[in-house]
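K.L.:
File my_file.tsv follows (TSV, C-alpha atoms and all ligand atoms):
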chain	number	residue	atom	x	y	z
A	50	MET	CA	-33.32	-110.53	-78.92
A	51	ILE	CA	-30.51	-109.61	-81.29
A	52	ASN	CA	-28.80	-106.32	-80.38
A	53	GLU	CA	-28.79	-103.29	-82.70
A	54	ARG	CA	-25.04	-103.48	-83.40
A	55	THR	CA	-25.39	-107.02	-84.70
A	56	LYS	CA	-28.57	-106.25	-86.67
A	57	LYS	CA	-26.62	-103.63	-88.63
A	58	ILE	CA	-24.04	-106.19	-89.76
A	59	LYS	CA	-25.27	-107.44	-93.15
A	60	LEU	CA	-24.06	-110.47	-95.09
A	61	HIS	CA	-21.66	-109.22	-97.77
A	62	GLU	CA	-22.59	-109.33	-101.45
A	63	ILE	CA	-19.88	-111.85	-102.39
A	64	ARG	CA	-21.64	-114.48	-100.26
A	65	LYS	CA	-25.06	-113.51	-101.62
A	66	LEU	CA	-23.98	-113.90	-105.27
A	67	PHE	CA	-22.16	-117.13	-104.48
A	68	GLU	CA	-25.36	-118.58	-103.04
A	69	MET	CA	-27.04	-117.85	-106.41
A	70	ALA	CA	-24.40	-119.66	-108.51
A	71	ASP	CA	-24.71	-123.34	-109.46
A	72	GLU	CA	-22.16	-126.08	-110.19
A	73	ASN	CA	-21.85	-125.08	-113.87
A	74	THR	CA	-21.04	-121.44	-113.12
A	75	ILE	CA	-17.50	-120.37	-114.05
A	76	ASN	CA	-16.15	-119.08	-110.78
A	77	LEU	CA	-14.22	-115.85	-111.25
A	78	GLY	CA	-15.81	-114.51	-108.11
A	79	GLN	CA	-14.27	-116.10	-105.07
A	80	GLY	CA	-10.95	-115.27	-103.49
A	81	GLN	CA	-9.42	-118.68	-103.13
A	82	PRO	CA	-6.82	-120.63	-105.10
A	83	ASP	CA	-8.18	-123.42	-107.32
A	84	PHE	CA	-5.32	-125.63	-106.04
A	85	GLN	CA	-5.34	-128.32	-103.35
A	86	PRO	CA	-2.62	-128.48	-100.69
A	87	PRO	CA	0.12	-131.05	-101.53
A	88	ARG	CA	-0.86	-134.64	-100.69
A	89	ASP	CA	1.95	-135.19	-98.21
A	90	VAL	CA	0.82	-132.08	-96.31
A	91	ILE	CA	-2.66	-133.60	-96.01
A	92	ASN	CA	-1.06	-136.88	-94.91
A	93	GLU	CA	0.80	-135.02	-92.19
A	94	VAL	CA	-2.50	-133.77	-90.71
A	95	TYR	CA	-3.84	-137.33	-90.86
A	96	ARG	CA	-0.69	-138.63	-89.19
A	97	SER	CA	-0.94	-136.03	-86.42
A	98	MET	CA	-4.55	-137.09	-85.79
A	99	LEU	CA	-3.56	-140.76	-85.61
A	100	ASP	CA	-0.77	-139.72	-83.21
A	101	GLY	CA	-3.37	-138.39	-80.81
A	102	ASN	CA	-3.20	-134.63	-81.40
A	103	ASN	CA	-6.98	-134.41	-81.29
A	104	ILE	CA	-6.90	-132.48	-78.06
A	105	TYR	CA	-6.64	-128.77	-77.11
A	106	GLY	CA	-3.24	-127.25	-77.77
A	107	SER	CA	-1.59	-124.10	-76.43
A	108	HIS	CA	-3.73	-121.04	-77.11
A	109	PHE	CA	-0.61	-119.36	-78.58
A	110	GLY	CA	-0.37	-122.16	-81.14
A	111	LEU	CA	2.13	-124.94	-81.74
A	112	THR	CA	5.59	-123.85	-80.50
A	113	GLU	CA	7.51	-125.29	-83.48
A	114	LEU	CA	5.14	-123.57	-85.90
A	115	ARG	CA	5.56	-120.23	-84.08
A	116	GLU	CA	9.36	-120.69	-84.29
A	117	GLU	CA	9.20	-121.51	-87.99
A	118	ILE	CA	7.00	-118.47	-88.71
A	119	ALA	CA	9.34	-116.22	-86.65
A	120	ARG	CA	12.25	-117.44	-88.77
A	121	SER	CA	10.46	-116.72	-92.03
A	122	GLN	CA	9.02	-113.35	-90.91
A	123	SER	CA	12.50	-112.27	-89.76
A	124	GLN	CA	13.16	-111.50	-93.43
A	125	TYR	CA	10.89	-108.47	-92.79
A	126	LYS	CA	11.98	-107.59	-89.23
A	127	PRO	CA	15.20	-109.26	-88.11
A	128	GLY	CA	15.35	-110.96	-84.73
A	129	LEU	CA	11.74	-112.09	-84.35
A	130	THR	CA	11.15	-115.06	-82.04
A	131	LYS	CA	8.15	-117.24	-81.28
A	132	ASP	CA	7.16	-114.67	-78.62
A	133	ASN	CA	6.28	-112.28	-81.45
A	134	ILE	CA	3.88	-114.78	-83.03
A	135	LEU	CA	0.29	-115.79	-82.23
A	136	ILE	CA	-1.36	-118.52	-84.31
A	137	THR	CA	-5.00	-117.67	-85.03
A	138	VAL	CA	-8.06	-119.10	-86.74
A	139	GLY	CA	-7.23	-117.53	-90.11
A	140	ALA	CA	-6.36	-113.90	-90.73
A	141	THR	CA	-10.06	-113.21	-90.12
A	142	GLN	CA	-9.80	-113.95	-86.42
A	143	ALA	CA	-6.41	-112.23	-86.14
A	144	LEU	CA	-7.97	-109.05	-87.51
A	145	ARG	CA	-10.98	-109.40	-85.27
A	146	ILE	CA	-9.04	-109.74	-82.00
A	147	THR	CA	-6.49	-107.10	-82.99
A	148	LEU	CA	-9.26	-104.52	-83.32
A	149	GLU	CA	-11.10	-105.81	-80.26
A	150	GLY	CA	-7.93	-105.53	-78.18
A	151	THR	CA	-6.61	-102.18	-79.39
A	152	VAL	CA	-9.41	-99.68	-80.09
A	153	ASP	CA	-12.04	-98.20	-77.82
A	154	ILE	CA	-15.50	-96.66	-78.20
A	155	GLY	CA	-15.14	-93.33	-80.01
A	156	ASP	CA	-11.76	-94.15	-81.60
A	157	GLU	CA	-11.46	-93.74	-85.35
A	158	VAL	CA	-9.87	-96.33	-87.58
A	159	LEU	CA	-8.76	-95.51	-91.12
A	160	TYR	CA	-9.23	-98.29	-93.68
A	161	PRO	CA	-8.85	-98.56	-97.49
A	162	GLU	CA	-11.93	-98.18	-99.67
A	163	PRO	CA	-12.62	-100.00	-101.92
A	164	GLY	CA	-11.20	-102.58	-99.55
A	165	PHE	CA	-11.57	-106.07	-98.17
A	166	VAL	CA	-15.12	-106.72	-96.93
A	167	LEU	CA	-14.15	-107.49	-93.32
A	168	PHE	CA	-12.44	-104.20	-92.49
A	169	ASN	CA	-15.53	-102.04	-91.99
A	170	PRO	CA	-17.62	-104.58	-89.99
A	171	HIS	CA	-14.66	-105.57	-87.83
A	172	ILE	CA	-14.06	-101.93	-86.88
A	173	ARG	CA	-17.74	-101.53	-86.01
A	174	LEU	CA	-17.82	-104.78	-84.02
A	175	ALA	CA	-14.95	-103.34	-81.97
A	176	ARG	CA	-17.25	-100.29	-81.40
A	177	ALA	CA	-14.91	-97.86	-83.10
A	178	LYS	CA	-15.71	-95.56	-86.01
A	179	PRO	CA	-14.68	-96.69	-89.51
A	180	VAL	CA	-13.13	-93.88	-91.58
A	181	PRO	CA	-12.54	-94.90	-95.21
A	182	TYR	CA	-9.61	-93.50	-97.17
A	183	PRO	CA	-9.56	-93.75	-100.98
A	184	VAL	CA	-7.37	-96.00	-103.11
A	185	VAL	CA	-7.91	-95.03	-106.73
A	186	GLN	CA	-7.13	-96.55	-110.10
A	187	GLU	CA	-5.30	-93.36	-111.22
A	188	ASN	CA	-2.78	-93.95	-108.43
A	189	ARG	CA	-2.52	-97.72	-109.08
A	190	PHE	CA	-4.69	-98.22	-105.97
A	191	ILE	CA	-1.82	-97.12	-103.71
A	192	PRO	CA	-2.77	-95.06	-100.62
A	193	ARG	CA	-1.68	-91.39	-100.58
A	194	ILE	CA	-0.39	-89.69	-97.45
A	195	GLU	CA	-2.43	-86.55	-98.19
A	196	ASP	CA	-5.64	-88.62	-98.11
A	197	LEU	CA	-4.68	-90.11	-94.74
A	198	GLU	CA	-3.69	-86.72	-93.35
A	199	GLU	CA	-6.95	-85.16	-94.54
A	200	ARG	CA	-8.92	-87.74	-92.53
A	201	ARG	CA	-6.74	-87.74	-89.41
A	202	THR	CA	-8.30	-86.30	-86.22
A	203	ASP	CA	-7.24	-86.43	-82.58
A	204	LYS	CA	-9.39	-89.58	-82.32
A	205	THR	CA	-7.51	-91.51	-85.03
A	206	LYS	CA	-6.17	-94.58	-83.24
A	207	ALA	CA	-5.33	-97.05	-85.99
A	208	LEU	CA	-4.73	-97.38	-89.70
A	209	ILE	CA	-5.47	-100.55	-91.66
A	210	VAL	CA	-3.27	-101.14	-94.70
A	211	ASN	CA	-3.48	-104.06	-97.11
A	212	SER	CA	-0.71	-104.89	-99.56
A	213	PRO	CA	-0.97	-106.74	-101.90
A	214	ALA	CA	-4.59	-105.69	-101.81
A	215	ASN	CA	-7.94	-107.35	-102.19
A	216	PRO	CA	-9.88	-106.35	-104.34
A	217	THR	CA	-7.52	-104.07	-106.29
A	218	GLY	CA	-4.32	-106.11	-106.69
A	219	GLY	CA	-2.45	-102.93	-105.68
A	220	VAL	CA	0.99	-103.28	-104.11
A	221	ILE	CA	2.39	-100.54	-101.86
A	222	PRO	CA	5.97	-99.72	-102.91
A	223	GLU	CA	8.84	-99.46	-100.43
A	224	ARG	CA	8.96	-95.66	-100.48
A	225	THR	CA	5.25	-95.38	-99.60
A	226	VAL	CA	5.55	-98.06	-96.88
A	227	ARG	CA	8.29	-95.91	-95.35
A	228	ASP	CA	6.30	-92.67	-95.70
A	229	ILE	CA	3.16	-94.19	-94.15
A	230	SER	CA	5.21	-95.68	-91.27
A	231	ASP	CA	6.85	-92.28	-90.60
A	232	TRP	CA	3.45	-90.58	-90.68
A	233	ALA	CA	2.01	-93.16	-88.25
A	234	ARG	CA	4.99	-92.81	-85.93
A	235	GLU	CA	4.69	-89.01	-85.91
A	236	HIS	CA	1.01	-89.20	-84.90
A	237	GLU	CA	1.28	-92.31	-82.68
A	238	ILE	CA	-1.11	-94.30	-84.83
A	239	LEU	CA	-1.18	-98.09	-84.71
A	240	ILE	CA	-0.68	-99.81	-88.08
A	241	ILE	CA	-2.68	-102.98	-88.69
A	242	SER	CA	-1.16	-104.47	-91.81
A	243	ASP	CA	-3.01	-107.22	-93.65
A	244	GLU	CA	-0.31	-109.07	-95.59
A	245	VAL	CA	-2.13	-112.31	-96.49
A	246	TYR	CA	-1.08	-112.00	-100.14
A	247	ASP	CA	2.63	-111.40	-99.41
A	248	LYS	CA	3.63	-114.43	-101.52
A	249	PHE	CA	1.56	-113.22	-104.50
A	250	VAL	CA	3.76	-110.41	-105.81
A	251	TYR	CA	4.58	-110.64	-109.52
A	252	ASP	CA	6.79	-107.64	-110.19
A	253	GLY	CA	9.35	-106.77	-107.53
A	254	LYS	CA	9.02	-107.99	-103.96
A	255	HIS	CA	6.66	-107.65	-101.01
A	256	VAL	CA	7.51	-104.86	-98.58
A	257	SER	CA	6.16	-105.49	-95.09
A	258	PHE	CA	5.08	-102.83	-92.62
A	259	LEU	CA	7.09	-104.77	-90.02
A	260	GLY	CA	10.27	-102.78	-89.59
A	261	ASP	CA	11.65	-99.96	-87.48
A	262	TYR	CA	8.25	-98.74	-86.33
A	263	ASP	CA	7.14	-100.95	-83.43
A	264	ASN	CA	3.44	-100.13	-83.19
A	265	VAL	CA	2.51	-102.55	-85.95
A	266	VAL	CA	0.41	-105.70	-85.97
A	267	ALA	CA	1.08	-107.66	-89.16
A	268	ILE	CA	-1.63	-110.15	-90.03
A	269	ASN	CA	-1.05	-113.14	-92.25
A	270	SER	CA	-2.42	-116.54	-93.13
A	271	PHE	CA	-1.75	-119.87	-94.83
A	272	SER	CA	-5.18	-119.80	-96.53
A	273	LYS	CA	-3.91	-118.41	-99.82
A	274	SER	CA	-0.21	-119.37	-99.84
A	275	PHE	CA	-0.83	-123.11	-99.35
A	276	ALA	CA	-4.35	-123.17	-100.87
A	277	MET	CA	-5.91	-124.16	-97.54
A	278	THR	CA	-8.66	-121.59	-97.00
A	279	GLY	CA	-10.80	-124.19	-95.23
A	280	TRP	CA	-8.10	-125.18	-92.72
A	281	ARG	CA	-8.42	-121.86	-90.88
A	282	VAL	CA	-4.86	-121.18	-89.81
A	283	GLY	CA	-3.40	-117.68	-89.76
A	284	PHE	CA	-1.14	-115.67	-87.51
A	285	MET	CA	-0.18	-112.24	-86.27
A	286	VAL	CA	3.26	-110.75	-85.71
A	287	THR	CA	3.75	-108.02	-83.12
A	288	LEU	CA	5.45	-107.07	-79.84
A	289	PRO	CA	5.72	-109.89	-77.24
A	290	ASP	CA	3.64	-107.94	-74.65
A	291	TRP	CA	0.87	-107.49	-77.18
A	292	ILE	CA	0.98	-111.18	-78.09
A	293	GLN	CA	0.39	-111.97	-74.41
A	294	ALA	CA	-2.57	-109.56	-74.15
A	295	LEU	CA	-4.17	-110.42	-77.50
A	296	GLY	CA	-3.45	-114.09	-76.76
A	297	ASN	CA	-5.68	-113.79	-73.66
A	298	LEU	CA	-8.53	-112.42	-75.79
A	299	HIS	CA	-7.92	-115.16	-78.31
A	300	SER	CA	-8.11	-117.89	-75.66
A	301	TYR	CA	-11.56	-116.63	-74.56
A	302	ASN	CA	-12.56	-116.43	-78.20
A	303	VAL	CA	-11.53	-119.81	-79.64
A	304	ALA	CA	-9.68	-121.69	-76.85
A	305	CYS	CA	-6.88	-122.56	-79.28
A	306	PRO	CA	-6.21	-122.72	-83.02
A	307	PRO	CA	-7.02	-126.09	-84.66
A	308	ASN	CA	-4.43	-128.44	-83.20
A	309	PRO	CA	-3.81	-131.35	-85.65
A	310	ILE	CA	-3.99	-129.01	-88.64
A	311	GLN	CA	-1.01	-127.00	-87.40
A	312	TYR	CA	1.28	-130.02	-87.88
A	313	GLY	CA	0.35	-130.06	-91.56
A	314	VAL	CA	1.03	-126.33	-91.84
A	315	LEU	CA	4.41	-126.78	-90.11
A	316	TYR	CA	5.34	-129.51	-92.57
A	317	ALA	CA	4.22	-127.34	-95.51
A	318	LEU	CA	6.34	-124.41	-94.29
A	319	ARG	CA	9.41	-126.59	-93.86
A	320	GLU	CA	9.13	-128.72	-96.97
A	321	LYS	CA	6.90	-127.11	-99.59
A	322	ALA	CA	8.25	-123.70	-100.56
A	323	ASP	CA	8.31	-124.91	-104.20
A	324	PHE	CA	4.52	-125.44	-104.14
A	325	VAL	CA	4.00	-121.73	-103.46
A	326	THR	CA	6.50	-120.66	-106.14
A	327	LYS	CA	4.82	-122.84	-108.79
A	328	MET	CA	1.33	-121.67	-107.90
A	329	VAL	CA	2.39	-118.03	-108.04
A	330	SER	CA	3.98	-118.42	-111.46
A	331	THR	CA	0.79	-120.11	-112.75
A	332	PHE	CA	-1.20	-117.14	-111.43
A	333	GLU	CA	1.11	-114.71	-113.17
A	334	GLU	CA	0.39	-116.35	-116.56
A	335	ARG	CA	-3.35	-116.18	-115.89
A	336	ARG	CA	-3.10	-112.55	-114.82
A	337	ASP	CA	-1.53	-111.59	-118.13
A	338	ILE	CA	-4.29	-113.40	-120.06
A	339	ILE	CA	-7.20	-111.86	-118.19
A	340	VAL	CA	-5.73	-108.32	-118.31
A	341	GLU	CA	-5.25	-108.62	-122.07
A	342	ARG	CA	-8.80	-109.89	-122.54
A	343	PHE	CA	-10.29	-107.00	-120.54
A	344	ASN	CA	-8.31	-104.37	-122.36
A	345	GLU	CA	-9.52	-105.75	-125.71
A	346	ILE	CA	-13.12	-105.00	-124.69
A	347	GLU	CA	-14.28	-101.44	-125.28
A	348	GLY	CA	-15.76	-100.02	-122.11
A	349	PHE	CA	-13.32	-101.70	-119.69
A	350	ASP	CA	-10.06	-100.24	-118.41
A	351	CYS	CA	-7.87	-102.76	-116.60
A	352	LEU	CA	-4.53	-102.15	-114.86
A	353	THR	CA	-2.01	-104.97	-114.65
A	354	PRO	CA	-2.15	-105.76	-110.92
A	355	GLU	CA	1.21	-106.28	-109.26
A	356	GLY	CA	-0.06	-108.66	-106.60
A	357	ALA	CA	-2.82	-110.87	-105.10
A	358	PHE	CA	-4.97	-112.74	-107.68
A	359	TYR	CA	-7.62	-110.22	-108.71
A	360	VAL	CA	-8.10	-107.75	-111.54
A	361	PHE	CA	-10.20	-104.70	-110.76
A	362	PRO	CA	-11.18	-103.09	-114.08
A	363	SER	CA	-13.29	-99.94	-114.25
A	364	PHE	CA	-16.12	-99.77	-116.79
A	365	ASP	CA	-18.22	-97.06	-118.39
A	366	PHE	CA	-21.41	-99.02	-119.21
A	367	ASP	CA	-24.62	-97.40	-118.04
A	368	ILE	CA	-25.34	-99.96	-115.30
A	369	THR	CA	-24.41	-100.54	-111.65
A	370	SER	CA	-21.71	-103.05	-110.81
A	371	TYR	CA	-24.25	-105.22	-108.95
A	372	GLU	CA	-26.59	-105.35	-111.97
A	373	LEU	CA	-23.64	-106.14	-114.19
A	374	ALA	CA	-22.58	-108.99	-111.88
A	375	LEU	CA	-26.15	-110.34	-112.06
A	376	LYS	CA	-26.07	-110.25	-115.88
A	377	PHE	CA	-22.75	-112.14	-115.94
A	378	LEU	CA	-24.14	-114.66	-113.45
A	379	LYS	CA	-27.24	-115.22	-115.57
A	380	GLU	CA	-24.94	-116.18	-118.47
A	381	GLY	CA	-22.82	-118.42	-116.23
A	382	VAL	CA	-19.95	-116.32	-114.81
A	383	LEU	CA	-19.55	-115.45	-111.15
A	384	SER	CA	-17.82	-112.10	-110.57
A	385	THR	CA	-17.91	-109.56	-107.75
A	386	PRO	CA	-19.34	-106.05	-108.07
A	387	GLY	CA	-16.97	-103.29	-107.00
A	388	SER	CA	-19.70	-101.90	-104.74
A	389	ALA	CA	-19.27	-104.96	-102.48
A	390	PHE	CA	-15.99	-103.33	-101.36
A	391	GLY	CA	-17.52	-99.97	-100.44
A	392	PRO	CA	-19.45	-97.23	-102.28
A	393	SER	CA	-16.36	-95.98	-104.15
A	394	GLY	CA	-16.02	-99.45	-105.71
A	395	GLU	CA	-19.02	-98.54	-107.90
A	396	GLY	CA	-18.02	-98.48	-111.57
A	397	LEU	CA	-15.49	-101.28	-111.07
A	398	MET	CA	-15.69	-105.10	-111.05
A	399	ARG	CA	-13.49	-107.66	-109.33
A	400	PHE	CA	-12.54	-110.82	-111.18
A	401	SER	CA	-10.44	-113.46	-109.49
A	402	TYR	CA	-8.05	-115.32	-111.82
A	403	ALA	CA	-7.80	-118.27	-109.45
A	404	ASN	CA	-9.22	-120.53	-112.16
A	405	SER	CA	-7.77	-122.47	-115.12
A	406	THR	CA	-6.79	-120.56	-118.27
A	407	ASP	CA	-9.48	-122.48	-120.20
A	408	LYS	CA	-12.15	-121.36	-117.75
A	409	ILE	CA	-10.81	-117.80	-117.77
A	410	GLN	CA	-10.97	-117.71	-121.59
A	411	GLU	CA	-14.47	-119.24	-121.59
A	412	GLY	CA	-15.62	-116.82	-118.89
A	413	MET	CA	-14.18	-113.83	-120.75
A	414	ASP	CA	-16.00	-114.89	-123.97
A	415	ILE	CA	-19.22	-114.72	-121.96
A	416	VAL	CA	-18.31	-111.34	-120.41
A	417	GLU	CA	-17.55	-109.96	-123.86
A	418	GLY	CA	-20.89	-111.23	-125.21
A	419	VAL	CA	-22.83	-109.65	-122.32
A	420	VAL	CA	-21.25	-106.20	-122.54
A	421	ASN	CA	-21.59	-106.03	-126.35
A	422	ASN	CA	-25.28	-105.41	-125.74
A	423	LEU	CA	-24.80	-102.68	-123.15
A	424	VAL	CA	-25.14	-98.93	-123.60
A	425	ARG	CA	-22.04	-96.88	-122.77
A	501	LIG	C1	-7.22	-109.10	-97.63
A	501	LIG	C2	-7.68	-110.33	-96.93
A	501	LIG	N1	-7.45	-110.44	-95.61
A	501	LIG	C3	-7.87	-111.52	-94.92
A	501	LIG	C4	-8.55	-112.56	-95.53
A	501	LIG	C5	-9.03	-113.70	-94.71
A	501	LIG	O1	-8.14	-114.75	-94.73
A	501	LIG	P1	-8.32	-116.07	-93.83
A	501	LIG	O2	-8.83	-117.15	-94.71
A	501	LIG	O3	-6.93	-116.37	-93.35
A	501	LIG	O4	-9.23	-115.75	-92.71
A	501	LIG	C6	-8.80	-112.48	-96.91
A	501	LIG	C7	-9.58	-113.53	-97.59
A	501	LIG	O5	-10.09	-113.38	-98.68
A	501	LIG	C8	-8.36	-111.34	-97.63
A	501	LIG	O6	-8.59	-111.20	-98.94
In structure tokens, what does this structure look like?
P.N.:
Amino acid sequence: MINERTKKIKLHEIRKLFEMADENTINLGQGQPDFQPPRDVINEVYRSMLDGNNIYGSHFGLTELREEIARSQSQYKPGLTKDNILITVGATQALRITLEGTVDIGDEVLYPEPGFVLFNPHIRLARAKPVPYPVVQENRFIPRIEDLEERRTDKTKALIVNSPANPTGGVIPERTVRDISDWAREHEILIISDEVYDKFVYDGKHVSFLGDYDNVVAINSFSKSFAMTGWRVGFMVTLPDWIQALGNLHSYNVACPPNPIQYGVLYALREKADFVTKMVSTFEERRDIIVERFNEIEGFDCLTPEGAFYVFPSFDFDITSYELALKFLKEGVLSTPGSAFGPSGEGLMRFSYANSTDKIQEGMDIVEGVVNNLVR
């Protein structure tokens, strides 16, 4: 007795390919750091459990953690307080309840394509209409106002932006952030800004959509920055009234974010900024290696991504990206076909460089061997 809306939601290809990999596969497919959170952060979760925090907490999240996040996010929008912050079960749930609580049947939501696999299904689950806008290699995967304007109708209610971006590694520069915000303000469009990779910017600095324009929900997470994807703690930043309303939805959805875990996250935020800095500089070295390797192979064209931890090279072999991913997998490398991120991702492949340099080199030897036999 599954309803039609749910039947149309298919498992995404990243999961499907992952299920086919085995323990010897070199994983350049998944979007998670190959690091573990610092030991004392893990100890802090253990301590909080021993202290009895194994009970429901506030649905808004731990007050001290909300205060700490408000302090750190004030670098993007001065004056934020805990009332601007809702702690969620990862960015995934923040995105889900933001759409659920803001759009209605018949509304249109613009989202980047190729783009993160949750955007389209989350818009549909909220019963709105997904309207993809292109982000292309020729423009360094940065959205263009003319593409947004071309797709705008009187039903356009919200715009999803993602910088640094998954799968492209594209980073939206300050000027474009300003132009998009002005455009959204002019047409009274809500901006939902996925900023989960804000710490992973290699050249220049992250520019948030939080700023002068108020109709913004910024979504973030500790999954990537503290290498704790399995801990499921994220947050949103927006107007206090909206936090109250979306907080209600959230309480019916999950009761509260995981309670003891939040003490570990709080400790990490207060004490472990150096962990993030070191991880990001390791990723930068790996990025340079993998980009160089791709550009040495005829048939691939790879930009140097400015953020996140993915490269998104285009290719001109006579094969689909899914078939190519299967060939790599057969030889022992997990990658992600560009088509997993929407139809316009065809002709591109995503490789995550969240793996050791040795594994990246070994994986790239295999990739090179596979494509040597392909027709261009
Ligand atoms: C762009 C983007 N947004 C959100 C998420 C989900 O993050 P979380 O683990 O916090 O739910 C991911 C995870 O890959 C992502 O790449």
K.L.:
Of the residues A:Pro307, A:Gly101, A:Pro222, A:Gly80, which is the one nearest to Val138 in chain A, using all atoms listed in the file?
P.N.:
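Going through A:Pro307, A:Gly101, A:Pro222, A:Gly80 one by one, the smallest distance to Val138 in chain A is for A:Pro307.
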K.L.:
Each residue of chain A with at least one atom at most 7 Å from ligand LIG 501 (chain A) should appear once, together with its nearest atom pair and the corresponding distance in Å (one decimal); atoms considered: all atoms listed in the file; ordering: chain, then increasing residue number; output as JSON lines.
P.N.:
{"residue": "A:Gly80", "atom": "CA", "partner": "A:LIG501", "partner_atom": "O5", "distance": 5.2}
{"residue": "A:Gln81", "atom": "CA", "partner": "A:LIG501", "partner_atom": "O5", "distance": 7.0}
{"residue": "A:Val138", "atom": "CA", "partner": "A:LIG501", "partner_atom": "O4", "distance": 6.9}
{"residue": "A:Gly139", "atom": "CA", "partner": "A:LIG501", "partner_atom": "O3", "distance": 3.5}
{"residue": "A:Ala140", "atom": "CA", "partner": "A:LIG501", "partner_atom": "O3", "distance": 3.6}
{"residue": "A:Thr141", "atom": "CA", "partner": "A:LIG501", "partner_atom": "O4", "distance": 3.7}
{"residue": "A:Gln142", "atom": "CA", "partner": "A:LIG501", "partner_atom": "O4", "distance": 6.6}
{"residue": "A:Phe165", "atom": "CA", "partner": "A:LIG501", "partner_atom": "C1", "distance": 5.3}
{"residue": "A:Asn211", "atom": "CA", "partner": "A:LIG501", "partner_atom": "C1", "distance": 6.3}
{"residue": "A:Ala214", "atom": "CA", "partner": "A:LIG501", "partner_atom": "C1", "distance": 6.0}
{"residue": "A:Asn215", "atom": "CA", "partner": "A:LIG501", "partner_atom": "C1", "distance": 4.9}
{"residue": "A:Asp243", "atom": "CA", "partner": "A:LIG501", "partner_atom": "N1", "distance": 5.8}
{"residue": "A:Val245", "atom": "CA", "partner": "A:LIG501", "partner_atom": "N1", "distance": 5.7}
{"residue": "A:Asn269", "atom": "CA", "partner": "A:LIG501", "partner_atom": "O3", "distance": 6.8}
{"residue": "A:Ser270", "atom": "CA", "partner": "A:LIG501", "partner_atom": "O3", "distance": 4.5}
{"residue": "A:Phe271", "atom": "CA", "partner": "A:LIG501", "partner_atom": "O3", "distance": 6.4}
{"residue": "A:Ser272", "atom": "CA", "partner": "A:LIG501", "partner_atom": "O2", "distance": 4.9}
{"residue": "A:Thr278", "atom": "CA", "partner": "A:LIG501", "partner_atom": "O2", "distance": 5.0}
{"residue": "A:Arg281", "atom": "CA", "partner": "A:LIG501", "partner_atom": "O2", "distance": 6.1}
{"residue": "A:Val282", "atom": "CA", "partner": "A:LIG501", "partner_atom": "O3", "distance": 6.3}
{"residue": "A:Gly283", "atom": "CA", "partner": "A:LIG501", "partner_atom": "O3", "distance": 5.2}
K.L.:
For Ile134 in chain A, which residue out of A:Gln186, A:Asn103, A:Gln293, A:Thr55 is the nearest one, using only C-alpha atoms?
P.N.:
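For Ile134 in chain A, the nearest of the given residues is A:Gln293.
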K.L.:
List every protein, DNA or RNA residue that has at least one atom no more than 12 Å from (8.1, -100.2, -89.9) in the file's coordinates, counting only C-alpha atoms, and write the result as an mmCIF file with C-alpha atoms, in the frame of the given file.
P.N.:
data_model
loop_
_atom_site.group_PDB
_atom_site.id
_atom_site.type_symbol
_atom_site.label_atom_id
_atom_site.label_comp_id
_atom_site.auth_asym_id
_atom_site.auth_seq_id
_atom_site.Cartn_x
_atom_site.Cartn_y
_atom_site.Cartn_z
ATOM 1 C CA TYR A 125 10.890 -108.470 -92.790
ATOM 2 C CA LYS A 126 11.980 -107.590 -89.230
ATOM 3 C CA PRO A 127 15.200 -109.260 -88.110
ATOM 4 C CA GLU A 223 8.840 -99.460 -100.430
ATOM 5 C CA ARG A 224 8.960 -95.660 -100.480
ATOM 6 C CA THR A 225 5.250 -95.380 -99.600
ATOM 7 C CA VAL A 226 5.550 -98.060 -96.880
ATOM 8 C CA ARG A 227 8.290 -95.910 -95.350
ATOM 9 C CA ASP A 228 6.300 -92.670 -95.700
ATOM 10 C CA ILE A 229 3.160 -94.190 -94.150
ATOM 11 C CA SER A 230 5.210 -95.680 -91.270
ATOM 12 C CA ASP A 231 6.850 -92.280 -90.600
ATOM 13 C CA TRP A 232 3.450 -90.580 -90.680
ATOM 14 C CA ALA A 233 2.010 -93.160 -88.250
ATOM 15 C CA ARG A 234 4.990 -92.810 -85.930
ATOM 16 C CA LEU A 239 -1.180 -98.090 -84.710
ATOM 17 C CA ILE A 240 -0.680 -99.810 -88.080
ATOM 18 C CA ILE A 241 -2.680 -102.980 -88.690
ATOM 19 C CA SER A 242 -1.160 -104.470 -91.810
ATOM 20 C CA VAL A 256 7.510 -104.860 -98.580
ATOM 21 C CA SER A 257 6.160 -105.490 -95.090
ATOM 22 C CA PHE A 258 5.080 -102.830 -92.620
ATOM 23 C CA LEU A 259 7.090 -104.770 -90.020
ATOM 24 C CA GLY A 260 10.270 -102.780 -89.590
ATOM 25 C CA ASP A 261 11.650 -99.960 -87.480
ATOM 26 C CA TYR A 262 8.250 -98.740 -86.330
ATOM 27 C CA ASP A 263 7.140 -100.950 -83.430
ATOM 28 C CA ASN A 264 3.440 -100.130 -83.190
ATOM 29 C CA VAL A 265 2.510 -102.550 -85.950
ATOM 30 C CA VAL A 266 0.410 -105.700 -85.970
ATOM 31 C CA ALA A 267 1.080 -107.660 -89.160
ATOM 32 C CA THR A 287 3.750 -108.020 -83.120
#
K.L.:
Just how far from CA of Glu162 in chain A is CA of Leu378 in chain A, in Å to one decimal?
P.N.:
24.7 Å
K.L.:
Quick one: everything within 10 Å of Val382 in chain A, counting only C-alpha atoms, minus sequence neighbours fewer than 4 positions away in the same chain. Send it as an NGL selection string.
P.N.:
:A and (70 or 73-78 or 374-378 or 400 or 408-409 or 411-413 or 415-416)
K.L.:
For Phe168 in chain A, which of A:Asn404, A:Asn422, A:Thr147, A:Asn188 is the closest residue, counting all atoms listed in the file?
P.N.:
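For Phe168 in chain A, the nearest of the candidates is A:Thr147.
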